[in-house]
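J.: File follows, model.cif with mmCIF, C-alpha atoms:
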```cif
data_entry
#
loop_
_atom_site.label_atom_id
_atom_site.label_comp_id
_atom_site.auth_asym_id
_atom_site.auth_seq_id
_atom_site.Cartn_x
_atom_site.Cartn_y
_atom_site.Cartn_z
CA MET A 1 6.13 -89.90 22.36
CA THR A 2 3.40 -89.75 25.02
CA HIS A 3 2.75 -93.47 24.59
CA LEU A 4 6.45 -94.30 24.92
CA LEU A 5 6.91 -92.17 28.04
CA ARG A 6 3.81 -93.61 29.69
CA ILE A 7 4.96 -97.21 29.11
CA ALA A 8 8.47 -96.30 30.24
CA LEU A 9 7.04 -94.96 33.52
CA GLY A 10 4.88 -98.04 33.93
CA PHE A 11 7.92 -100.26 33.43
CA VAL A 12 9.98 -98.23 35.93
CA LEU A 13 7.28 -98.78 38.56
CA CYS A 14 7.27 -102.52 37.79
CA ALA A 15 11.07 -102.67 37.95
CA ALA A 16 10.98 -100.98 41.35
CA ALA A 17 8.48 -103.59 42.54
CA GLY A 18 10.65 -106.38 41.16
CA LEU A 19 13.76 -105.07 42.87
CA GLY A 20 11.86 -105.32 46.12
CA LEU A 21 11.32 -109.03 45.50
CA LEU A 22 14.91 -109.58 44.35
CA SER A 23 16.03 -108.15 47.68
CA GLY A 24 14.31 -111.01 49.48
CA GLY A 25 17.65 -112.53 50.41
CA GLY A 26 18.70 -109.40 52.25
CA ARG A 27 20.87 -108.17 49.35
CA VAL A 28 19.93 -105.60 46.73
CA PRO A 29 21.25 -106.80 43.36
CA ARG A 30 23.74 -104.64 41.51
CA ILE A 31 21.95 -102.65 38.83
CA SER A 32 22.52 -103.65 35.20
CA LEU A 33 20.32 -103.80 32.11
CA GLU A 34 19.74 -107.50 32.70
CA THR A 35 18.82 -106.97 36.35
CA VAL A 36 16.40 -104.17 35.47
CA ALA A 37 14.74 -106.39 32.86
CA ARG A 38 14.42 -109.25 35.35
CA ALA A 39 13.04 -106.86 37.96
CA GLY A 40 10.54 -105.48 35.45
CA ALA A 41 9.24 -108.95 34.65
CA LEU A 42 8.94 -109.73 38.35
CA GLY A 43 7.14 -106.47 38.98
CA ILE A 44 4.60 -107.21 36.27
CA ALA A 45 4.22 -110.73 37.65
CA VAL A 46 3.12 -109.50 41.07
CA THR A 47 1.28 -106.27 40.24
CA SER A 48 -0.93 -107.76 37.52
CA PRO A 49 -2.60 -110.46 39.68
CA ALA A 50 -2.85 -108.03 42.61
CA LEU A 51 -4.64 -105.47 40.45
CA VAL A 52 -7.00 -108.08 38.98
CA LEU A 53 -7.98 -109.04 42.53
CA LEU A 54 -8.49 -105.35 43.39
CA GLY A 55 -10.67 -105.00 40.31
CA LEU A 56 -12.78 -108.01 41.34
CA ALA A 57 -13.26 -106.29 44.70
CA GLY A 58 -14.72 -103.27 42.89
CA LEU A 59 -11.75 -100.98 43.39
CA PRO A 60 -10.60 -98.84 40.44
CA VAL A 61 -7.55 -99.77 38.41
CA THR A 62 -5.95 -96.43 37.60
CA ALA A 63 -2.47 -94.95 37.43
CA VAL A 64 -2.72 -94.16 41.15
CA SER A 65 -3.65 -97.70 42.21
CA ILE A 66 -1.05 -99.21 39.87
CA ALA A 67 1.66 -97.00 41.38
CA ALA A 68 0.47 -97.75 44.92
CA VAL A 69 0.60 -101.54 44.41
CA ALA A 70 4.02 -101.35 42.74
CA LEU A 71 5.43 -99.20 45.53
CA VAL A 72 4.17 -101.63 48.17
CA PHE A 73 6.30 -104.37 46.60
CA ALA A 74 9.18 -101.94 46.04
CA SER A 75 9.21 -101.16 49.76
CA LEU A 76 10.51 -104.68 50.44
CA SER A 77 13.97 -103.42 49.48
CA LEU A 78 13.85 -100.83 52.30
CA ARG A 79 13.55 -103.24 55.19
CA PRO A 80 16.55 -103.72 57.52
CA GLY A 81 19.32 -105.95 56.21
CA ALA A 82 18.63 -105.31 52.52
CA GLY A 83 21.47 -102.94 51.86
CA ASP A 84 24.35 -105.11 50.65
CA GLU A 85 24.96 -105.48 46.97
CA CYS A 86 25.19 -108.88 45.37
CA ALA A 87 27.97 -108.82 42.78
CA PRO A 88 27.38 -110.69 39.51
CA PRO A 89 29.79 -113.45 38.53
CA SER A 90 33.01 -112.06 37.15
CA ALA A 91 35.09 -113.45 34.31
CA PRO A 92 37.86 -112.02 32.16
CA THR A 93 36.52 -110.12 29.18
CA GLY A 94 38.48 -109.42 26.04
CA ARG A 95 37.84 -107.08 23.17
CA ALA A 96 36.02 -109.74 21.17
CA GLU A 97 33.66 -110.40 24.05
CA ARG A 98 32.92 -106.70 24.51
CA LEU A 99 32.24 -106.29 20.81
CA SER A 100 30.00 -109.39 20.75
CA ALA A 101 27.34 -107.45 22.68
CA LEU A 102 26.82 -105.31 19.58
CA VAL A 103 25.39 -108.29 17.69
CA PRO A 104 22.24 -108.84 19.77
CA ALA A 105 21.86 -105.07 20.10
CA GLY A 106 21.86 -104.72 16.32
CA ALA A 107 19.38 -107.59 15.93
CA LEU A 108 17.05 -105.94 18.43
CA LEU A 109 17.28 -102.64 16.59
CA VAL A 110 16.22 -104.29 13.34
CA PHE A 111 13.45 -106.14 15.20
CA ALA A 112 12.14 -102.85 16.61
CA GLY A 113 12.13 -101.33 13.14
CA LYS A 114 10.15 -104.23 11.79
CA ILE A 115 7.54 -104.03 14.55
CA VAL A 116 7.05 -100.34 13.85
CA ALA A 117 6.47 -101.11 10.17
CA VAL A 118 4.12 -104.10 10.35
CA PRO A 119 0.40 -103.87 11.15
CA LEU A 120 -1.20 -105.35 14.25
CA TRP A 121 -3.19 -108.06 12.51
CA CYS A 122 -3.39 -111.33 14.46
CA TRP A 123 -6.90 -112.77 14.88
CA ASP A 124 -6.09 -113.98 18.39
CA HIS A 125 -5.13 -110.46 19.38
CA TYR A 126 -8.39 -108.84 18.34
CA VAL A 127 -10.69 -111.61 19.55
CA VAL A 128 -8.88 -112.81 22.68
CA TRP A 129 -5.90 -111.00 24.16
CA GLY A 130 -6.17 -107.42 22.95
CA MET A 131 -9.95 -107.45 23.23
CA LYS A 132 -9.70 -108.30 26.93
CA SER A 133 -7.11 -105.66 27.64
CA ARG A 134 -9.08 -102.95 25.86
CA ALA A 135 -12.62 -103.81 26.86
CA LEU A 136 -12.61 -105.33 30.34
CA TRP A 137 -11.52 -102.16 32.17
CA THR A 138 -13.94 -99.33 31.47
CA GLY A 139 -13.20 -96.14 33.32
CA GLY A 140 -10.78 -98.08 35.48
CA ILE A 141 -13.45 -100.55 36.63
CA LEU A 142 -13.09 -104.26 35.88
CA ASP A 143 -16.22 -105.60 34.16
CA LEU A 144 -16.30 -109.25 33.07
CA THR A 145 -19.89 -109.23 31.79
CA LEU A 146 -18.72 -108.64 28.21
CA LEU A 147 -17.22 -112.13 28.18
CA GLN A 148 -20.72 -113.57 28.69
CA ALA A 149 -21.89 -112.08 25.38
CA ARG A 150 -22.63 -114.55 22.58
CA PRO A 151 -20.09 -113.12 20.09
CA PHE A 152 -17.31 -114.09 22.50
CA SER A 153 -18.51 -117.63 23.17
CA MET A 154 -15.94 -118.94 20.68
CA ALA A 155 -13.22 -116.46 21.63
CA ASN A 156 -11.58 -118.34 24.50
CA ALA A 157 -13.25 -116.16 27.09
CA ASP A 158 -11.86 -118.46 29.79
CA TYR A 159 -8.23 -117.60 29.00
CA PRO A 160 -6.29 -116.01 31.90
CA LEU A 161 -6.37 -112.28 32.61
CA GLY A 162 -2.75 -111.79 33.64
CA LEU A 163 -1.49 -110.65 30.25
CA PRO A 164 -4.41 -108.28 29.49
CA MET A 165 -3.80 -106.70 32.89
CA ALA A 166 -0.04 -106.53 32.27
CA TRP A 167 -0.67 -104.31 29.26
CA ARG A 168 -2.90 -102.07 31.37
CA VAL A 169 -0.18 -101.91 34.04
CA LEU A 170 2.40 -100.79 31.49
CA THR A 171 0.04 -98.16 30.08
CA LEU A 172 -0.78 -96.97 33.64
CA GLY A 173 -4.41 -97.98 33.30
CA ALA A 174 -5.05 -96.37 29.92
CA GLU A 175 -6.83 -98.37 27.22
CA PRO A 176 -3.99 -99.57 24.98
CA VAL A 177 -4.02 -98.75 21.28
CA ALA A 178 -2.05 -100.37 18.45
CA LEU A 179 1.05 -98.29 19.13
CA ASP A 180 1.02 -99.30 22.80
CA PHE A 181 0.94 -102.99 21.92
CA LYS A 182 3.85 -102.48 19.53
CA ILE A 183 5.94 -100.64 22.11
CA CYS A 184 5.18 -103.32 24.68
CA HIS A 185 6.12 -106.05 22.19
CA VAL A 186 9.51 -104.46 21.61
CA LEU A 187 9.95 -104.14 25.37
CA LEU A 188 9.10 -107.82 25.78
CA GLY A 189 11.57 -108.76 23.07
CA ILE A 190 14.34 -106.79 24.76
CA GLY A 191 13.44 -108.55 28.02
CA VAL A 192 13.71 -111.98 26.37
CA VAL A 193 17.15 -111.23 24.90
CA LEU A 194 18.49 -109.77 28.14
CA ALA A 195 17.11 -112.73 30.12
CA VAL A 196 18.87 -115.22 27.83
CA ARG A 197 22.10 -113.29 28.15
CA GLN A 198 21.82 -113.03 31.93
CA ILE A 199 21.10 -116.72 32.54
CA VAL A 200 24.07 -117.81 30.44
CA ARG A 201 26.37 -115.30 32.13
CA GLU A 202 25.22 -116.38 35.59
CA SER A 203 26.27 -119.93 34.73
CA GLY A 204 29.87 -118.71 34.47
CA ALA A 205 30.04 -118.98 30.67
CA LEU A 206 32.07 -116.51 28.64
CA ARG A 207 30.19 -113.44 27.48
CA ILE A 208 30.59 -114.43 23.85
CA TRP A 209 28.40 -117.51 24.45
CA ALA A 210 25.75 -115.36 26.12
CA ASP A 211 25.74 -112.92 23.23
CA ALA A 212 25.65 -115.73 20.66
CA ALA A 213 22.57 -117.25 22.30
CA ALA A 214 20.91 -113.85 22.65
CA SER A 215 21.62 -113.00 19.01
CA PHE A 216 20.17 -116.29 17.78
CA VAL A 217 17.02 -115.72 19.81
CA ALA A 218 16.66 -112.16 18.45
CA VAL A 219 16.45 -113.47 14.87
CA SER A 220 14.33 -116.52 15.74
CA PRO A 221 10.71 -117.12 14.65
CA LEU A 222 9.45 -115.81 17.99
CA PHE A 223 10.71 -112.37 16.94
CA TRP A 224 10.20 -112.51 13.19
CA ASP A 225 6.82 -114.21 12.89
CA THR A 226 4.61 -111.14 13.18
CA GLU A 227 1.67 -113.25 14.37
CA SER A 228 3.29 -113.13 17.82
CA LEU A 229 2.68 -109.36 18.00
CA GLY A 230 -0.04 -108.69 20.55
CA ILE A 231 -0.57 -112.27 21.76
CA ALA A 232 0.86 -114.41 24.56
CA GLU A 233 3.91 -116.21 23.12
CA MET A 234 6.52 -113.47 23.60
CA PRO A 235 5.27 -112.65 27.14
CA LEU A 236 5.24 -116.35 28.03
CA ALA A 237 8.86 -116.67 26.88
CA TRP A 238 9.97 -113.64 28.94
CA PHE A 239 8.26 -114.67 32.15
CA ALA A 240 9.40 -118.29 31.70
CA LEU A 241 13.00 -117.16 31.25
CA THR A 242 12.73 -114.97 34.34
CA ALA A 243 11.47 -117.96 36.31
CA LEU A 244 14.18 -120.20 34.83
CA GLY A 245 17.01 -117.84 35.79
CA LEU A 246 15.77 -117.55 39.36
CA ALA A 247 15.09 -121.29 39.65
CA LEU A 248 18.64 -122.07 38.54
CA ARG A 249 20.10 -119.65 41.08
CA LEU A 250 17.82 -121.07 43.75
CA ALA A 251 18.96 -124.60 42.94
CA ARG A 252 22.58 -123.52 43.32
CA SER A 253 22.85 -121.85 46.70
CA GLU A 254 20.64 -118.75 47.03
CA PRO A 255 17.66 -119.55 49.28
CA GLY A 256 16.80 -115.85 49.66
CA LEU A 257 15.41 -115.85 46.11
CA GLY A 258 12.47 -118.08 47.04
CA LEU A 259 10.00 -115.18 47.05
CA ALA A 260 11.12 -113.87 43.66
CA ALA A 261 11.28 -117.32 42.07
CA GLY A 262 7.87 -118.26 43.43
CA ALA A 263 6.31 -115.05 42.12
CA ALA A 264 7.77 -115.58 38.64
CA LEU A 265 6.68 -119.22 38.52
CA GLY A 266 3.23 -118.48 39.90
CA PHE A 267 2.50 -115.87 37.25
CA LEU A 268 2.89 -118.32 34.35
CA PRO A 269 -0.65 -119.76 34.79
CA TRP A 270 -1.89 -116.16 34.70
CA VAL A 271 -0.36 -115.77 31.22
CA LYS A 272 -1.51 -118.99 29.53
CA LYS A 273 -3.14 -122.18 30.71
CA GLU A 274 -0.13 -124.24 29.70
CA GLY A 275 1.88 -121.98 31.97
CA THR A 276 0.94 -124.33 34.81
CA SER A 277 2.88 -127.27 33.40
CA LEU A 278 5.70 -124.97 32.35
CA ALA A 279 5.99 -123.62 35.90
CA VAL A 280 6.19 -127.14 37.33
CA LEU A 281 8.93 -128.10 34.87
CA LEU A 282 10.91 -124.90 35.46
CA LEU A 283 10.99 -125.48 39.20
CA ALA A 284 11.41 -129.26 39.20
CA ALA A 285 14.05 -129.69 36.50
CA PRO A 286 16.89 -127.66 38.11
CA VAL A 287 16.18 -129.33 41.46
CA LEU A 288 15.87 -132.94 40.33
CA LEU A 289 18.51 -133.07 37.59
CA GLY A 290 21.44 -131.82 39.64
CA SER A 291 23.89 -134.00 41.54
CA THR A 292 22.28 -136.46 43.94
CA ARG A 293 24.59 -135.32 46.72
CA GLY A 294 23.05 -131.84 46.76
CA LEU A 295 19.43 -132.95 46.23
CA PRO A 296 18.20 -132.58 49.86
CA ALA A 297 19.58 -129.04 50.06
CA ARG A 298 18.01 -128.08 46.73
CA LEU A 299 14.67 -129.49 47.83
CA ARG A 300 14.78 -127.41 51.03
CA ARG A 301 15.58 -124.24 49.10
CA ALA A 302 12.82 -124.93 46.58
CA ARG A 303 10.02 -125.42 49.11
CA PRO A 304 9.24 -121.72 49.76
CA ALA A 305 9.24 -120.97 46.03
CA ALA A 306 6.96 -123.94 45.37
CA GLY A 307 4.52 -122.77 48.04
CA ILE A 308 4.40 -119.20 46.75
CA ALA A 309 4.05 -120.36 43.14
CA ALA A 310 1.25 -122.74 44.08
CA ALA A 311 -0.67 -120.01 45.91
CA ILE A 312 -0.43 -117.55 43.01
CA GLY A 313 -1.17 -120.23 40.40
CA ILE A 314 -4.17 -121.59 42.30
CA ALA A 315 -5.56 -118.04 42.44
CA ALA A 316 -5.52 -118.00 38.64
CA VAL A 317 -7.41 -121.30 38.49
CA LEU A 318 -9.98 -120.13 41.04
CA LEU A 319 -10.46 -116.89 39.14
CA GLU A 320 -11.19 -118.82 35.96
CA TRP A 321 -13.54 -121.23 37.72
CA ARG A 322 -15.47 -118.54 39.59
CA PHE A 323 -15.62 -115.54 37.27
CA LEU A 324 -14.86 -116.55 33.67
CA PRO A 325 -17.24 -118.34 31.29
CA ARG A 326 -16.65 -121.99 30.58
CA GLY A 327 -14.66 -122.47 27.39
CA LEU A 328 -16.75 -123.76 24.50
CA THR A 329 -13.83 -124.59 22.26
CA SER A 330 -12.02 -127.22 24.32
CA PHE A 331 -9.95 -129.47 22.11
CA PHE A 332 -11.14 -132.36 24.27
CA ALA A 333 -14.81 -131.73 23.44
CA GLY A 334 -16.85 -134.79 22.58
CA ASP A 335 -15.49 -138.33 22.76
CA TRP A 336 -11.82 -137.34 22.86
CA SER A 337 -10.70 -140.72 24.20
CA ALA A 338 -12.08 -142.50 21.13
CA ARG A 339 -10.35 -140.01 18.83
CA PHE A 340 -7.10 -140.45 20.76
CA ALA A 341 -7.27 -144.24 20.53
CA ALA A 342 -8.08 -144.17 16.81
CA ARG A 343 -5.23 -141.81 15.98
CA MET A 344 -2.77 -143.73 18.10
CA ARG A 345 -3.37 -146.70 15.81
CA HIS A 346 -2.15 -144.55 12.90
CA PRO A 347 0.27 -142.10 14.55
CA ILE A 348 2.01 -141.07 11.33
CA ALA A 349 -1.04 -138.99 10.41
CA VAL A 350 -0.22 -136.75 13.41
CA LEU A 351 3.55 -137.16 13.71
CA ALA A 352 4.32 -136.43 10.04
CA PRO A 353 2.71 -132.94 10.02
CA ALA A 354 4.34 -132.21 13.39
CA GLY A 355 7.72 -133.26 12.03
CA SER A 356 7.24 -131.09 8.96
CA GLU A 357 6.78 -128.06 11.22
CA LEU A 358 10.27 -128.64 12.65
CA LEU A 359 11.87 -128.56 9.19
CA PHE A 360 10.84 -125.04 8.25
CA PRO A 361 13.84 -122.90 7.21
CA ALA A 362 12.64 -120.19 9.62
CA TRP A 363 13.95 -122.28 12.54
CA LEU A 364 17.53 -121.61 11.33
CA GLY A 365 18.54 -125.16 12.24
CA PHE A 366 17.46 -124.75 15.86
CA TRP A 367 16.28 -128.33 16.34
CA PHE A 368 19.57 -129.69 15.02
CA PHE A 369 21.47 -127.46 17.47
CA LEU A 370 19.12 -128.54 20.25
CA ALA A 371 19.84 -132.22 19.60
CA ALA A 372 23.58 -131.56 19.37
CA GLY A 373 23.48 -129.50 22.57
CA PHE A 374 21.63 -132.24 24.40
CA ALA A 375 24.20 -134.82 23.32
CA LEU A 376 27.03 -132.51 24.37
CA ALA A 377 25.45 -131.80 27.75
CA PHE A 378 24.93 -135.51 28.36
CA ARG A 379 28.51 -136.30 27.43
CA ARG A 380 29.95 -133.49 29.59
CA ARG A 381 27.47 -134.08 32.43
CA ARG A 382 26.24 -130.51 32.39
CA SER A 383 23.30 -130.94 34.74
CA GLU A 384 22.02 -127.36 34.38
CA ALA A 385 21.96 -127.68 30.59
CA LEU A 386 20.17 -131.04 30.86
CA ALA A 387 17.62 -129.45 33.19
CA VAL A 388 16.92 -126.71 30.64
CA PHE A 389 16.58 -129.23 27.82
CA GLY A 390 14.22 -131.20 30.05
CA VAL A 391 11.96 -128.17 30.32
CA VAL A 392 11.81 -127.70 26.54
CA LEU A 393 11.30 -131.37 25.73
CA GLY A 394 8.85 -131.90 28.58
CA GLN A 395 6.64 -128.96 27.61
CA ALA A 396 6.76 -129.85 23.91
CA ALA A 397 5.80 -133.44 24.73
CA LEU A 398 2.72 -132.18 26.58
CA TYR A 399 1.50 -130.43 23.44
CA LEU A 400 1.57 -133.57 21.32
CA PRO A 401 -1.30 -135.49 23.02
CA VAL A 402 -3.60 -132.53 22.35
CA TYR A 403 -3.22 -133.12 18.61
CA PHE A 404 -4.12 -136.78 19.05
CA ALA A 405 -7.28 -135.86 20.98
CA THR A 406 -8.39 -132.61 19.31
CA TYR A 407 -11.84 -132.38 17.79
CA LEU A 408 -10.25 -130.51 14.87
CA ASP A 409 -8.45 -132.10 11.96
CA PRO A 410 -5.04 -132.86 13.52
CA ALA A 411 -2.97 -131.73 10.52
CA ALA A 412 -4.83 -128.43 10.26
CA HIS A 413 -4.60 -127.91 14.02
CA ILE A 414 -0.84 -128.53 13.92
CA ARG A 415 -0.35 -126.09 11.04
CA ALA A 416 -2.33 -123.44 12.90
CA SER A 417 -0.61 -123.63 16.29
CA LEU A 418 2.47 -125.83 16.74
CA PHE A 419 4.96 -123.44 15.13
CA ARG A 420 3.84 -120.61 17.39
CA LEU A 421 3.81 -122.75 20.55
CA LEU A 422 7.30 -124.13 19.97
CA ALA A 423 8.65 -120.67 19.09
CA ALA A 424 7.93 -119.60 22.68
CA LEU A 425 10.16 -122.44 23.92
CA LEU A 426 13.05 -121.58 21.58
CA PRO A 427 14.72 -119.02 23.91
CA ILE A 428 14.79 -121.60 26.71
CA GLY A 429 16.37 -124.11 24.32
CA ALA A 430 18.95 -121.53 23.24
CA VAL A 431 19.93 -121.12 26.89
CA GLY A 432 20.39 -124.87 27.16
CA ILE A 433 22.62 -124.98 24.08
CA ALA A 434 24.81 -122.17 25.42
CA LEU A 435 25.05 -123.84 28.83
CA ALA A 436 26.05 -127.13 27.20
CA ALA A 437 28.73 -125.55 25.01
CA GLY A 438 30.02 -122.64 27.03
CA ALA A 439 29.52 -123.25 30.74
CA PRO A 440 32.52 -124.22 32.91
CA SER A 441 33.34 -127.85 33.55
CA PRO A 442 31.10 -129.53 36.14
CA ARG A 443 33.88 -129.45 38.74
CA GLY A 444 33.92 -125.65 38.73
CA ALA A 445 30.39 -124.88 37.67
CA PRO A 446 28.06 -122.95 39.98
CA GLU A 447 25.63 -125.88 39.97
CA ASP A 448 28.11 -127.93 42.00
CA VAL A 449 28.63 -125.28 44.65
CA SER A 450 25.30 -126.14 46.24
CA ALA A 451 26.33 -129.73 46.71
CA SER A 452 29.36 -128.96 48.82
#
```
Here is a file; write its structure as structure tokens.

T.:
Amino acid sequence: MTHLLRIALGFVLCAAAGLGLLSGGGRVPRISLETVARAGALGIAVTSPALVLLGLAGLPVTAVSIAAVALVFASLSLRPGAGDECAPPSAPTGRAERLSALVPAGALLVFAGKIVAVPLWCWDHYVVWGMKSRALWTGGILDLTLLQARPFSMANADYPLGLPMAWRVLTLGAEPVALDFKICHVLLGIGVVLAVRQIVRESGALRIWADAAASFVAVSPLFWDTESLGIAEMPLAWFALTALGLALRLARSEPGLGLAAGAALGFLPWVKKEGTSLAVLLLAAPVLLGSTRGLPARLRRARPAAGIAAAIGIAAVLLEWRFLPRGLTSFFAGDWSARFAARMRHPIAVLAPAGSELLFPAWLGFWFFLAAGFALAFRRRRSEALAVFGVVLGQAALYLPVYFATYLDPAAHIRASLFRLLAALLPIGAVGIALAAGAPSPRGAPEDVSAS
């Protein structure tokens, strides 16, 4: 119970910080479960990098400093002009729609039960992510010298520190144990489901579509493949969804969300290295794939978010370059160009194992629904849905060249990683499917409001 209460308090502090950022447009959002989850993700996204920088400066990372940093961001909601509430989109709700919310809630309950029952076993957790969160803050002091030790030379010591710090933020500076990682994983899963539901609802779709997408995500491989417990895929999905929801609202007609959207986008490179390309896609797709008539206005609204995201993301790159050891396990080690050219002459050797990964029954037909949703969005000219599909397809396409260039056996590399990487993109794809099928017609959709 102590562990649960401590993480709950840590999350409340993060949510308060996030609400400060969400008030950037001069309006405090109306409180709901979805808004609290979004605010919590935003709070983690700003407090974690700030505390890493404090640690590099030699200052202690303790419950007091965590609370102080969170409250600084929370104070943004107290400035003059931030008192009006922003009402969420309203739509008629029937009994069936109200009852549909029980489905994702039930799926999450079963998910939580499973996480309690399974062991924390993933190799990547013990050697990379969990190791950093446990060992790099001793007595509240950040110490990166451990990463220079020989046993960690093959443990991706150059991976970002945002997620290890996020766990320490949620535990209020305490060294997390297995139970803490499990509680945080359930919290992350709840955040993913609520983010999916919120994005679909904000598009103007009926609640039943939002709950259907959320329910599908809650039983997806991201939740049920226990390898994701304690590593970066579930966090990446939550923070990416948070950035996606804010980027879509920003592309519509809410310029005051530039600070919040930029913070969410900028934190993605702090979570994983591929978060950089994901952040670019999440910001660019909603801006560029809307109606041409509203493009100049969308570009103007996106500029502040792009600047903030770039500043935070560049800080992650500079941190890696200056303080973290050089990675010794780069997949582009050796003569990668020769390997790439040789495999491109026989692409089936790479494409066939990748295709087999998409046919696993655990996907529950997701890739078929994704293709059908894309066709439906194209036919109905649902630009927001097409933008979301563009993010999924664009990020997935960036993974494929790695398997053509890797120093490992491509088939073995694909079997070891592709399923997990694509699982983190599944919630974004589920949002796209729901937007394609359930959002209002383009004439009345929120995406067209910005063009008028």

J.: Counting only C-alpha atoms, figure out which residue out of A:Thr35, A:Ser23, A:Ser65, A:Ser203 gets nearest to Ser77 of chain A.

T.: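 Looking at the shortest contact to Ser77 of chain A, the residue is A:Ser23.
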
J.: Do you have the atom CA of Phe331 of chain A-atom CA of Pro235 of chain A distance handy?

T.: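 Interatomic distance, atom CA of Phe331 of chain A to atom CA of Pro235 of chain A: 23.2 Å.
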
J.: Sorted by chain and rising residue number, which residues of segment 369-390 of chain A lie within 10 Å of segment 236-249 of chain A, and what are their closest atom pairs and distances in Å to one decimal, counting all atoms listed in the file, as JSON lines?

T.:
```
{"residue": "A:Glu384", "atom": "CA", "partner": "A:Leu248", "partner_atom": "CA", "distance": 7.5}
{"residue": "A:Ala387", "atom": "CA", "partner": "A:Leu248", "partner_atom": "CA", "distance": 9.2}
{"residue": "A:Val388", "atom": "CA", "partner": "A:Leu244", "partner_atom": "CA", "distance": 8.2}
```

J.: Just say which residues the PyMOL selection byres ((chain A and resi 278) around 10) picks in this file, as a PyMOL selection string.

T.: chain A and resi 236+240+243+265+268-269+272-277+279-284+391-392+394-396+398+425

J.: Any idea what's packed within 12 Å of Ile308 of chain A, counting all atoms listed in the file, ignoring anything in its chain fewer than 6 positions away? Could you give it as a PDB file with C-alpha atoms, in the frame of the given file?

T.:
```
ATOM      1  CA  VAL A  46       3.120-109.500  41.070  1.00  0.00           C
ATOM      2  CA  LEU A 257      15.410-115.850  46.110  1.00  0.00           C
ATOM      3  CA  GLY A 258      12.470-118.080  47.040  1.00  0.00           C
ATOM      4  CA  LEU A 259      10.000-115.180  47.050  1.00  0.00           C
ATOM      5  CA  ALA A 260      11.120-113.870  43.660  1.00  0.00           C
ATOM      6  CA  ALA A 261      11.280-117.320  42.070  1.00  0.00           C
ATOM      7  CA  GLY A 262       7.870-118.260  43.430  1.00  0.00           C
ATOM      8  CA  ALA A 263       6.310-115.050  42.120  1.00  0.00           C
ATOM      9  CA  ALA A 264       7.770-115.580  38.640  1.00  0.00           C
ATOM     10  CA  LEU A 265       6.680-119.220  38.520  1.00  0.00           C
ATOM     11  CA  GLY A 266       3.230-118.480  39.900  1.00  0.00           C
ATOM     12  CA  PHE A 267       2.500-115.870  37.250  1.00  0.00           C
ATOM     13  CA  ALA A 279       5.990-123.620  35.900  1.00  0.00           C
ATOM     14  CA  LEU A 283      10.990-125.480  39.200  1.00  0.00           C
ATOM     15  CA  ALA A 302      12.820-124.930  46.580  1.00  0.00           C
ATOM     16  CA  ILE A 314      -4.170-121.590  42.300  1.00  0.00           C
ATOM     17  CA  ALA A 315      -5.560-118.040  42.440  1.00  0.00           C
TER      18      ALA A 315
END
```
